Amino acid sequence: MEDGTDLSPSIAQIVQRLRGSHLHSQLERQAKDCLHRPEIKLESLKEDVRAFLKASGWEKRLQNAVYRELHVQLPQCHPTTPAEHLKEPLAYMRKAQASWEKRVLKSLNSMSTELGVPLARMRPAGEQKDLTNKWNEMGTDEPDLSRFRPVYAPKDFLEVLISLRNPNHDSSEDMTVKSHWGLIQVPLNVRDIPQLRQAYSELNLNNGQLGIDDHAHVHPDLFENSYVQIGKKVVVEQDSAAAQQYSRRGCPTGLRSDLWALTLNSTNQPQDVMHYEQLKAGVIQHDLLVDYLIYKDVKLTASNDDYYFVFEDFLYQVMLCFSRDTAVLEHFKYNSATPPKSYIHGKVGNEEFAVLYPPNGVIPFHGFSMYVAPLCFLYNEPSKLYSVFRMMYIRYFFRLHSISSSPSGIVALCLQFERLLQAHLPQLFYHLRQIGAQPLRIAFKWMVRAFSGYLSTDQLLLLWDRILGYDSLEVVAVLAAAVFAFRAENLMEVASLASAEAVLADLSTLKVMPLIQIFLFATAI
């Protein structure tokens, strides 16, 4: 087989990762237990055990686990490739990410020094008891947050992305003047509309879509009823690949929670519930500086949101547990970022006393809690909510706040957004640029949160269906460009950045799928 050489290291890597998993020990136990069954014959032992595992559903679970590993696997490279090249192949991106991390960590450390709040401390027994008692109503009694400020906001991060330059690239070689109009000046390959049409063919005008064909004026027999029946079959079959493919045309409200969990292979087994309880115990035992940043963020964002304020306590629980979860560190193998280090008091600079801080390696920023908030509509059991959020984060959301050359990374999304607008609405782009209202300065806050907090929740979940379905954040950039196209007439009339922002201030009435469909499939090329 021609590509067998590429497959074997890939298979070996997946086998190695699954070998240490709970699923592996469960499969071994099942295989041993079935040896006592009368249908298992010694002369056909291998085939009989396989047939038993298939009939009892264990083969499907193994398939789903392999499918999940394929989505978070390192890219195929030469065996001697350095680890940092696997994280991010471009040196200037790695350098920019490292510089940004230093800046964020410095901000966190200076906050700790200025406020006299240690990065971590053991809670006294009385405080532990109080927190245990009020675990389900933390929003009623949070600490004084007036002295705390977010470590950074999306607009600070945008300035870093704008300053990115490839030292080996001569920008004068670019073919068009338009390429100098935008704020992102790095040479990355991003898809244009013909390529997007091919990649997102299931979204075309001839296919039924949830978010369009399930509206009141469309008779349910035409599309919705049969589509929901297919969705129910996918859930019964418990097949991750089928769930992902199905999500491309949207998930029915009643099936979405099961379909997303299935796509992400988030099973919520007893060991997952136990892991969540262990993280909760860690929150109760120790107080971290990042806890205050989480409290502050929830107060500034979700607590003021008409859709999400009711989930305040859920958000505290999930976010605080997330900050303690060392299992999240696994994703840094394929994330361009590196988990920040801190030092035990009085031992600064001594690597023997270096610890990862926070334990999950992720410093929350302004708006971080909005990655969790929409999921609260789908899952009312904290351990299940936590499990799905963690999988969403290590598969997608981390790319929205780290500097990388990934096609789903925030740099590529910004560039794709600008290129789509420049190619299809050049007059609008030029007009906004001339009045000092660069489109990306307005759209960046939407993209960095994957539109959470900007769209109505039902529309946001339809968008996230497609992120999961296509295993890509590209659709976020497409929607951002589609919003500008939809409001183009009004935007051509504005004369300042403030006026442009006012035109785009409220996206809560927008319908996501018609906008994306029209922009991708009804735009003249």
# chains A, B, ... in the order shown; residues from 1 in each chain; ligands from 1
>>> select_by_dssp(residues="stretch 186-394 of chain A", states="alpha helix (DSSP H)", output="number ranges by chain")
A: 193-199, 224-237, 240-247, 256-263, 270-285, 289-300, 312-324, 382-394
>>> residues_around(residues="stretch 381-398 of chain A", least_positions_apart="5", cutoff="9 Å", atoms="only C-alpha atoms", output="PyMOL selection string")
chain A and resi 71-72+260-261+264-268+272-277+314+317-319+321-322+328+330-332+335+362+371-372+375-376+408-409+448-450+467-468+471-473
>>> closest_residue(among="A:Lys95, A:His36, A:Arg197, A:Arg249", to="A:Leu462", atoms="only C-alpha atoms")
A:Arg249
>>> closest_residue(among="A:Gln278, A:Gln517, A:Ser163, A:Asn168", to="A:Leu479", atoms="only C-alpha atoms")
A:Gln517
>>> closest_atom_pairs(of="stretch 352-409 of chain A", to="stretch 148-155 of chain A", cutoff="8 Å", atoms="only C-alpha atoms", output="JSON lines")
{"residue": "A:Pro364", "atom": "CA", "partner": "A:Val151", "partner_atom": "CA", "distance": 7.7}
{"residue": "A:Phe365", "atom": "CA", "partner": "A:Tyr152", "partner_atom": "CA", "distance": 5.5}
{"residue": "A:His366", "atom": "CA", "partner": "A:Ala153", "partner_atom": "CA", "distance": 5.0}
{"residue": "A:Gly367", "atom": "CA", "partner": "A:Ala153", "partner_atom": "CA", "distance": 7.7}
>>> write_last_selection(atoms="N, CA, C and O atoms", output="PDB file, in the first residue's frame")
ATOM      1  N   PRO A 364      -7.020  32.395  32.212  1.00  0.00           N
ATOM      2  CA  PRO A 364      -8.269  32.916  31.635  1.00  0.00           C
ATOM      3  C   PRO A 364      -8.167  34.405  31.306  1.00  0.00           C
ATOM      4  O   PRO A 364      -7.492  35.152  32.002  1.00  0.00           O
ATOM      5  N   PHE A 365      -8.845  34.821  30.241  1.00  0.00           N
ATOM      6  CA  PHE A 365      -8.834  36.224  29.822  1.00  0.00           C
ATOM      7  C   PHE A 365     -10.264  36.740  29.801  1.00  0.00           C
ATOM      8  O   PHE A 365     -11.216  35.999  30.051  1.00  0.00           O
ATOM      9  N   HIS A 366     -10.439  38.001  29.486  1.00  0.00           N
ATOM     10  CA  HIS A 366     -11.771  38.606  29.492  1.00  0.00           C
ATOM     11  C   HIS A 366     -12.648  37.966  28.412  1.00  0.00           C
ATOM     12  O   HIS A 366     -12.348  38.044  27.229  1.00  0.00           O
ATOM     13  N   GLY A 367     -13.721  37.301  28.836  1.00  0.00           N
ATOM     14  CA  GLY A 367     -14.631  36.644  27.898  1.00  0.00           C
ATOM     15  C   GLY A 367     -14.487  35.131  27.860  1.00  0.00           C
ATOM     16  O   GLY A 367     -15.249  34.446  27.192  1.00  0.00           O
TER      17      GLY A 367
END
>>> closest_residue(among="A:Leu35, A:Leu440, A:Leu491, A:Leu463", to="A:Gly182", atoms="only C-alpha atoms")
A:Leu440
>>> residues_around(residues="stretch 97-100 of chain A", least_positions_apart="2", cutoff="9 Å", atoms="only C-alpha atoms", output="list in words")
Tyr92, Met93, Arg94, Lys95, Lys102, Arg103, Val104, Leu105, Phe157, Val160, Ser336, Ala337, Thr338, Ser402, Ile403 and Ser404 of chain A
>>> write_last_selection(atoms="N, CA and C atoms", output="PDB file, in the first residue's frame")
ATOM      1  N   TYR A  92       8.666  32.243  13.332  1.00  0.00           N
ATOM      2  CA  TYR A  92       8.236  33.586  13.758  1.00  0.00           C
ATOM      3  C   TYR A  92       6.934  33.536  14.548  1.00  0.00           C
ATOM      4  N   MET A  93       6.094  32.534  14.258  1.00  0.00           N
ATOM      5  CA  MET A  93       4.859  32.338  15.038  1.00  0.00           C
ATOM      6  C   MET A  93       5.205  31.862  16.453  1.00  0.00           C
ATOM      7  N   ARG A  94       6.153  30.916  16.527  1.00  0.00           N
ATOM      8  CA  ARG A  94       6.575  30.406  17.848  1.00  0.00           C
ATOM      9  C   ARG A  94       7.139  31.530  18.692  1.00  0.00           C
ATOM     10  N   LYS A  95       7.953  32.371  18.058  1.00  0.00           N
ATOM     11  CA  LYS A  95       8.581  33.487  18.774  1.00  0.00           C
ATOM     12  C   LYS A  95       7.528  34.472  19.282  1.00  0.00           C
ATOM     13  N   LYS A 102       4.991  35.473  27.794  1.00  0.00           N
ATOM     14  CA  LYS A 102       5.790  36.179  28.812  1.00  0.00           C
ATOM     15  C   LYS A 102       5.048  37.411  29.306  1.00  0.00           C
ATOM     16  N   ARG A 103       4.446  38.120  28.376  1.00  0.00           N
ATOM     17  CA  ARG A 103       3.724  39.351  28.717  1.00  0.00           C
ATOM     18  C   ARG A 103       2.519  39.059  29.622  1.00  0.00           C
ATOM     19  N   VAL A 104       1.781  37.995  29.289  1.00  0.00           N
ATOM     20  CA  VAL A 104       0.597  37.625  30.071  1.00  0.00           C
ATOM     21  C   VAL A 104       1.008  37.170  31.479  1.00  0.00           C
ATOM     22  N   LEU A 105       2.062  36.357  31.531  1.00  0.00           N
ATOM     23  CA  LEU A 105       2.515  35.859  32.838  1.00  0.00           C
ATOM     24  C   LEU A 105       3.059  36.996  33.706  1.00  0.00           C
ATOM     25  N   PHE A 157      -4.882  41.347  22.483  1.00  0.00           N
ATOM     26  CA  PHE A 157      -4.388  40.219  21.691  1.00  0.00           C
ATOM     27  C   PHE A 157      -4.387  40.579  20.207  1.00  0.00           C
ATOM     28  N   VAL A 160      -1.306  42.355  19.010  1.00  0.00           N
ATOM     29  CA  VAL A 160      -0.160  41.449  18.798  1.00  0.00           C
ATOM     30  C   VAL A 160      -0.267  40.788  17.424  1.00  0.00           C
ATOM     31  N   SER A 336       0.329  25.595  19.871  1.00  0.00           N
ATOM     32  CA  SER A 336       1.547  26.404  19.743  1.00  0.00           C
ATOM     33  C   SER A 336       1.961  27.025  21.074  1.00  0.00           C
ATOM     34  N   ALA A 337       1.014  27.109  22.009  1.00  0.00           N
ATOM     35  CA  ALA A 337       1.309  27.695  23.329  1.00  0.00           C
ATOM     36  C   ALA A 337       2.064  26.707  24.216  1.00  0.00           C
ATOM     37  N   THR A 338       2.677  27.235  25.262  1.00  0.00           N
ATOM     38  CA  THR A 338       3.379  26.434  26.265  1.00  0.00           C
ATOM     39  C   THR A 338       2.799  26.796  27.622  1.00  0.00           C
ATOM     40  N   SER A 402      -4.458  31.489  20.786  1.00  0.00           N
ATOM     41  CA  SER A 402      -3.016  31.232  20.677  1.00  0.00           C
ATOM     42  C   SER A 402      -2.564  31.546  19.252  1.00  0.00           C
ATOM     43  N   ILE A 403      -1.322  31.988  19.129  1.00  0.00           N
ATOM     44  CA  ILE A 403      -0.786  32.427  17.833  1.00  0.00           C
ATOM     45  C   ILE A 403      -0.221  31.211  17.107  1.00  0.00           C
ATOM     46  N   SER A 404      -0.822  30.861  15.964  1.00  0.00           N
ATOM     47  CA  SER A 404      -0.341  29.700  15.212  1.00  0.00           C
ATOM     48  C   SER A 404      -0.693  29.865  13.739  1.00  0.00           C
TER      49      SER A 404
END
>>> closest_residue(among="A:Ser226, A:Ser107, A:Thr457, A:Ser21", to="A:Leu510", atoms="only C-alpha atoms")
A:Thr457
>>> residues_around(residues="stretch 421-427 of chain A", least_positions_apart="5", cutoff="9 Å", atoms="only C-alpha atoms", output="PyMOL selection string")
chain A and resi 178-179+181-182+192+416+432+439+481-482+484-485+488+492+523-525
>>> residues_around(residues="A:Ser456", least_positions_apart="6", cutoff="12 Å", atoms="only C-alpha atoms", output="MDAnalysis selection string")
chainID A and resid 305:308 374 462:463 506:512
>>> closest_residue(among="A:Leu62, A:Ile162, A:Leu131, A:Leu329", to="A:Ser25", atoms="only C-alpha atoms")
A:Leu62
